[in-house]
Amino acid sequence: MAIEQTLLLIKPDGAARRLTGLTIDRLDASGLEMVAAKMVSVSEKMAREHYQALSDKPFFEGLIKYIRGEFHGIKDHRVLALVYRGEGAIRKVRDVAGATNPEQAAPGTIRGSFGRITTSGQFENVIHASSDPADAAREVALWFRKDEILP
Ligand code: TYD
């Protein structure tokens with residue numbers, strides 16, 4: 001398996017519900033290496049760029065509000081961004097996360113245990129994990145400068 005890098009975000013519901021430590025603990029157990037970490041104040045521009053592929057979806061505007069912490073009272077729009085590296089890192093982090101839809105996520109995954117769908121239809125699924133090598137490369141470069149990532 002190839003050595004990959006992938007982006008993980010603790011989303012505002014994850015922070016509000018105190019799931020940061022648990023998520024990092026699960027990823028520690030997966031054997032991947034954390035090679036970058038920082039708190040980011042997510043601007044409107046950053047949020048729209050991160051989710052650019054979904055800009056035509058009906059849930060897009062809600063998604064922008066959600067990632068900026070507007071549904072969870074997150075001060076300064078802050079999100080914890082992490083980069084994990086290792087063999088098959090993209091798949092391994094997605095396995096810890098579980099499926100996008102919390103109702104379909106396997107029990108025991110982060111999203112399966114803690115995600116929810118709100119009455120307005122917004123998925124609150126606790127963490128973001130890059131979905132494939134192209135997305136991972138784009139997202140890591142969007143959230144981190146090269147000199148913020150361990151060599
Ligand atoms: P997507 O990139 O399809 O999934 P993933 O985050 O697993 O890579 O979608 C991005 C986010 O958009 C997803 O984490 C939650 C939200 N979302 C909804 O609120 N409703 C939906 O029907 C979908 C597909 C996604």
# chains A, B, ... in the order shown; residues from 1 in each chain; ligands from 1
$ residues_near_ligand --ligand "ligand 1" --cutoff "6 Å" --atoms "only C-alpha atoms and all ligand atoms" --output "PyMOL selection string"
chain A and resi 59+63+100+122-123+128+131
$ write_last_selection --atoms "N, CA, C and O atoms" --output "tab-separated table (two decimals), in the first residue's frame"
chain	number	residue	atom	x	y	z
A	59	PHE	N	-27.82	21.41	0.10
A	59	PHE	CA	-27.37	21.56	1.49
A	59	PHE	C	-26.11	22.41	1.62
A	59	PHE	O	-25.57	22.56	2.71
A	63	LEU	N	-24.09	23.72	4.90
A	63	LEU	CA	-22.77	23.11	5.14
A	63	LEU	C	-21.72	24.19	5.47
A	63	LEU	O	-20.88	23.99	6.36
A	100	THR	N	-20.55	8.81	5.31
A	100	THR	CA	-20.94	10.23	5.35
A	100	THR	C	-22.27	10.45	6.07
A	100	THR	O	-22.39	11.34	6.90
A	122	GLN	N	-29.56	18.57	7.64
A	122	GLN	CA	-28.09	18.71	7.66
A	122	GLN	C	-27.45	17.51	8.35
A	122	GLN	O	-27.86	17.13	9.44
A	123	PHE	N	-26.45	16.91	7.69
A	123	PHE	CA	-25.68	15.86	8.37
A	123	PHE	C	-24.69	16.55	9.31
A	123	PHE	O	-23.91	17.39	8.86
A	128	HIS	N	-14.32	15.59	9.37
A	128	HIS	CA	-14.13	15.52	7.93
A	128	HIS	C	-12.88	14.69	7.67
A	128	HIS	O	-11.88	14.84	8.37
A	131	SER	N	-11.44	12.20	0.85
A	131	SER	CA	-12.05	10.98	0.29
A	131	SER	C	-11.19	10.21	-0.70
A	131	SER	O	-11.44	9.02	-0.90
$ closest_atom_pairs --of "range 12-121 of chain A" --to "range 132-137 of chain A" --cutoff "10 Å" --atoms "only C-alpha atoms" --output "JSON lines"
{"residue": "A:His50", "atom": "CA", "partner": "A:Asp135", "partner_atom": "CA", "distance": 9.6}
{"residue": "A:Val83", "atom": "CA", "partner": "A:Ala136", "partner_atom": "CA", "distance": 9.5}
{"residue": "A:Ala89", "atom": "CA", "partner": "A:Pro133", "partner_atom": "CA", "distance": 9.8}
{"residue": "A:Ile90", "atom": "CA", "partner": "A:Asp132", "partner_atom": "CA", "distance": 6.5}
{"residue": "A:Arg91", "atom": "CA", "partner": "A:Asp132", "partner_atom": "CA", "distance": 8.2}
{"residue": "A:Arg94", "atom": "CA", "partner": "A:Asp132", "partner_atom": "CA", "distance": 9.7}
$ closest_residue --among "A:Gly21, A:Gly14, A:Pro102, A:Gly88" --to "Thr118 in chain A" --atoms "only C-alpha atoms"
A:Pro102
$ closest_residue --among "A:Ser130, A:Ala37, A:Phe71, A:Leu27" --to "Val96 in chain A" --atoms "only C-alpha atoms"
A:Leu27
$ atom_distance --atom1 "CA of Ala97 in chain A" --atom2 "CA of Ala81 in chain A"
14.7 Å
$ select_by_dssp --residues "range 58-105 of chain A" --states "strand (DSSP E or B)" --output "short mmCIF file (atom, residue, chain, number, x, y, z; two decimals) with N, CA, C and O atoms, in the first residue's frame"
data_model
loop_
_atom_site.label_atom_id
_atom_site.label_comp_id
_atom_site.auth_asym_id
_atom_site.auth_seq_id
_atom_site.Cartn_x
_atom_site.Cartn_y
_atom_site.Cartn_z
N ARG A 78 -13.59 28.45 14.91
CA ARG A 78 -12.38 27.61 14.96
C ARG A 78 -12.65 26.12 14.78
O ARG A 78 -13.63 25.56 15.27
N VAL A 79 -11.70 25.51 14.06
CA VAL A 79 -11.76 24.08 13.75
C VAL A 79 -10.35 23.52 13.96
O VAL A 79 -9.37 24.22 13.69
N LEU A 80 -10.24 22.31 14.46
CA LEU A 80 -8.91 21.68 14.55
C LEU A 80 -8.65 20.91 13.27
O LEU A 80 -9.44 20.04 12.88
N ALA A 81 -7.54 21.27 12.61
CA ALA A 81 -7.15 20.61 11.35
C ALA A 81 -5.90 19.77 11.61
O ALA A 81 -4.96 20.22 12.27
N LEU A 82 -5.91 18.55 11.08
CA LEU A 82 -4.80 17.61 11.30
C LEU A 82 -4.44 16.94 9.98
O LEU A 82 -5.31 16.74 9.13
N VAL A 83 -3.17 16.59 9.85
CA VAL A 83 -2.77 15.77 8.71
C VAL A 83 -2.21 14.45 9.25
O VAL A 83 -1.37 14.47 10.16
N TYR A 84 -2.72 13.36 8.73
CA TYR A 84 -2.21 12.02 9.08
C TYR A 84 -1.49 11.43 7.89
O TYR A 84 -1.89 11.63 6.74
N ARG A 85 -0.43 10.69 8.20
CA ARG A 85 0.37 10.06 7.14
C ARG A 85 0.61 8.59 7.48
O ARG A 85 0.81 8.24 8.65
N GLY A 86 0.61 7.77 6.43
CA GLY A 86 0.94 6.36 6.62
C GLY A 86 0.42 5.54 5.46
O GLY A 86 -0.19 6.07 4.53
N GLU A 87 0.66 4.24 5.55
CA GLU A 87 0.18 3.34 4.50
C GLU A 87 -1.35 3.35 4.46
O GLU A 87 -1.99 3.13 5.48
#
$ atom_distance --atom1 "CA of Glu124 in chain A" --atom2 "CA of Thr6 in chain A"
20.4 Å
$ select_by_dssp --residues "range 11-87 of chain A" --states "alpha helix (DSSP H)" --output "number ranges by chain"
A: 12-16, 20-29, 44-50, 60-67
$ residues_around --residues "Gln104 in chain A" --least-positions-apart "4" --cutoff "12 Å" --atoms "only C-alpha atoms" --output "PyMOL selection string"
chain A and resi 97-100+108-113+115-117+123+125
$ residues_around --residues "Tyr51 in chain A" --least-positions-apart "4" --cutoff "8 Å" --atoms "only C-alpha atoms" --output "PyMOL selection string"
chain A and resi 47+55+64
$ write_last_selection --atoms "N, CA and C atoms" --output "CSV table (one decimal), in the first residue's frame"
chain,number,residue,atom,x,y,z
A,47,ALA,N,-14.2,28.1,3.7
A,47,ALA,CA,-15.2,27.1,3.8
A,47,ALA,C,-15.8,26.8,2.4
A,55,SER,N,-20.9,22.8,-4.4
A,55,SER,CA,-21.5,24.2,-4.4
A,55,SER,C,-22.9,24.2,-5.1
A,64,ILE,N,-21.8,25.3,4.8
A,64,ILE,CA,-20.9,26.4,5.0
A,64,ILE,C,-21.1,27.0,6.5
$ decode --residues "range 63-76 of chain A" --atoms "all heavy atoms" --output "short mmCIF file (atom, residue, chain, number, x, y, z; two decimals), in the first residue's frame"
data_model
loop_
_atom_site.label_atom_id
_atom_site.label_comp_id
_atom_site.auth_asym_id
_atom_site.auth_seq_id
_atom_site.Cartn_x
_atom_site.Cartn_y
_atom_site.Cartn_z
N LEU A 63 -24.09 23.72 4.90
CA LEU A 63 -22.77 23.11 5.14
C LEU A 63 -21.72 24.19 5.47
O LEU A 63 -20.88 23.99 6.36
CB LEU A 63 -22.38 22.34 3.87
CG LEU A 63 -21.12 21.49 3.87
CD1 LEU A 63 -21.16 20.47 4.99
CD2 LEU A 63 -20.98 20.80 2.51
N ILE A 64 -21.80 25.31 4.78
CA ILE A 64 -20.87 26.42 5.04
C ILE A 64 -21.07 26.96 6.46
O ILE A 64 -20.11 27.17 7.21
CB ILE A 64 -21.04 27.55 3.98
CG1 ILE A 64 -20.76 27.02 2.57
CG2 ILE A 64 -20.16 28.76 4.30
CD1 ILE A 64 -19.42 26.32 2.38
N LYS A 65 -22.33 27.12 6.84
CA LYS A 65 -22.63 27.60 8.21
C LYS A 65 -22.14 26.58 9.24
O LYS A 65 -21.56 26.93 10.27
CB LYS A 65 -24.13 27.82 8.38
CG LYS A 65 -24.67 29.03 7.67
CD LYS A 65 -26.03 29.41 8.30
CE LYS A 65 -26.57 30.70 7.74
NZ LYS A 65 -27.16 30.57 6.39
N TYR A 66 -22.39 25.32 8.94
CA TYR A 66 -22.01 24.23 9.87
C TYR A 66 -20.51 24.19 10.10
O TYR A 66 -20.04 24.20 11.24
CB TYR A 66 -22.55 22.91 9.30
CG TYR A 66 -21.99 21.63 9.86
CD1 TYR A 66 -21.80 21.45 11.22
CD2 TYR A 66 -21.69 20.56 9.01
CE1 TYR A 66 -21.30 20.24 11.71
CE2 TYR A 66 -21.21 19.36 9.49
CZ TYR A 66 -21.00 19.21 10.84
OH TYR A 66 -20.51 18.03 11.32
N ILE A 67 -19.71 24.18 9.00
CA ILE A 67 -18.25 24.05 9.15
C ILE A 67 -17.66 25.29 9.83
O ILE A 67 -16.60 25.22 10.43
CB ILE A 67 -17.56 23.73 7.79
CG1 ILE A 67 -16.14 23.17 7.99
CG2 ILE A 67 -17.52 24.94 6.87
CD1 ILE A 67 -16.07 21.81 8.64
N ARG A 68 -18.37 26.43 9.73
CA ARG A 68 -17.89 27.65 10.39
C ARG A 68 -18.41 27.77 11.83
O ARG A 68 -18.22 28.80 12.49
CB ARG A 68 -18.27 28.89 9.58
CG ARG A 68 -17.65 28.87 8.18
CD ARG A 68 -17.80 30.21 7.49
NE ARG A 68 -16.90 31.20 8.07
CZ ARG A 68 -17.25 32.46 8.37
NH1 ARG A 68 -18.48 32.87 8.17
NH2 ARG A 68 -16.36 33.29 8.90
N GLY A 69 -19.07 26.73 12.33
CA GLY A 69 -19.45 26.69 13.75
C GLY A 69 -20.68 27.50 14.08
O GLY A 69 -20.99 27.72 15.26
N GLU A 70 -21.43 27.92 13.05
CA GLU A 70 -22.56 28.81 13.32
C GLU A 70 -23.75 28.09 13.96
O GLU A 70 -24.60 28.74 14.55
CB GLU A 70 -22.95 29.56 12.04
CG GLU A 70 -21.87 30.57 11.69
CD GLU A 70 -22.12 31.34 10.40
OE1 GLU A 70 -23.27 31.43 9.97
OE2 GLU A 70 -21.12 31.84 9.84
N PHE A 71 -23.78 26.76 13.86
CA PHE A 71 -24.87 26.02 14.52
C PHE A 71 -24.47 25.57 15.93
O PHE A 71 -25.29 25.05 16.66
CB PHE A 71 -25.25 24.77 13.71
CG PHE A 71 -25.75 25.06 12.31
CD1 PHE A 71 -25.48 24.17 11.28
CD2 PHE A 71 -26.50 26.20 12.03
CE1 PHE A 71 -25.94 24.41 9.99
CE2 PHE A 71 -26.97 26.44 10.74
CZ PHE A 71 -26.68 25.56 9.71
N HIS A 72 -23.21 25.72 16.26
CA HIS A 72 -22.73 25.17 17.54
C HIS A 72 -22.07 26.21 18.43
O HIS A 72 -21.43 25.86 19.42
CB HIS A 72 -21.77 23.99 17.28
CG HIS A 72 -22.44 22.85 16.61
ND1 HIS A 72 -22.52 22.73 15.24
CD2 HIS A 72 -23.13 21.79 17.11
CE1 HIS A 72 -23.22 21.65 14.93
NE2 HIS A 72 -23.59 21.06 16.03
N GLY A 73 -22.23 27.49 18.07
CA GLY A 73 -21.68 28.57 18.89
C GLY A 73 -20.18 28.49 19.05
O GLY A 73 -19.64 28.79 20.12
N ILE A 74 -19.48 28.07 18.00
CA ILE A 74 -18.02 27.95 18.11
C ILE A 74 -17.38 29.33 17.88
O ILE A 74 -17.52 29.92 16.81
CB ILE A 74 -17.47 26.91 17.10
CG1 ILE A 74 -18.02 25.51 17.41
CG2 ILE A 74 -15.93 26.92 17.10
CD1 ILE A 74 -17.58 24.88 18.70
N LYS A 75 -16.70 29.79 18.92
CA LYS A 75 -16.02 31.09 18.91
C LYS A 75 -15.01 31.18 17.76
O LYS A 75 -14.29 30.23 17.52
CB LYS A 75 -15.30 31.20 20.26
CG LYS A 75 -14.87 32.60 20.63
CD LYS A 75 -14.39 32.62 22.08
CE LYS A 75 -12.94 32.15 22.16
NZ LYS A 75 -12.32 32.32 23.46
N ASP A 76 -14.97 32.30 17.08
CA ASP A 76 -13.97 32.57 16.03
C ASP A 76 -14.01 31.55 14.88
O ASP A 76 -13.02 31.42 14.17
CB ASP A 76 -12.53 32.56 16.60
CG ASP A 76 -12.35 33.50 17.74
OD1 ASP A 76 -13.09 34.49 17.80
OD2 ASP A 76 -11.47 33.26 18.58
#
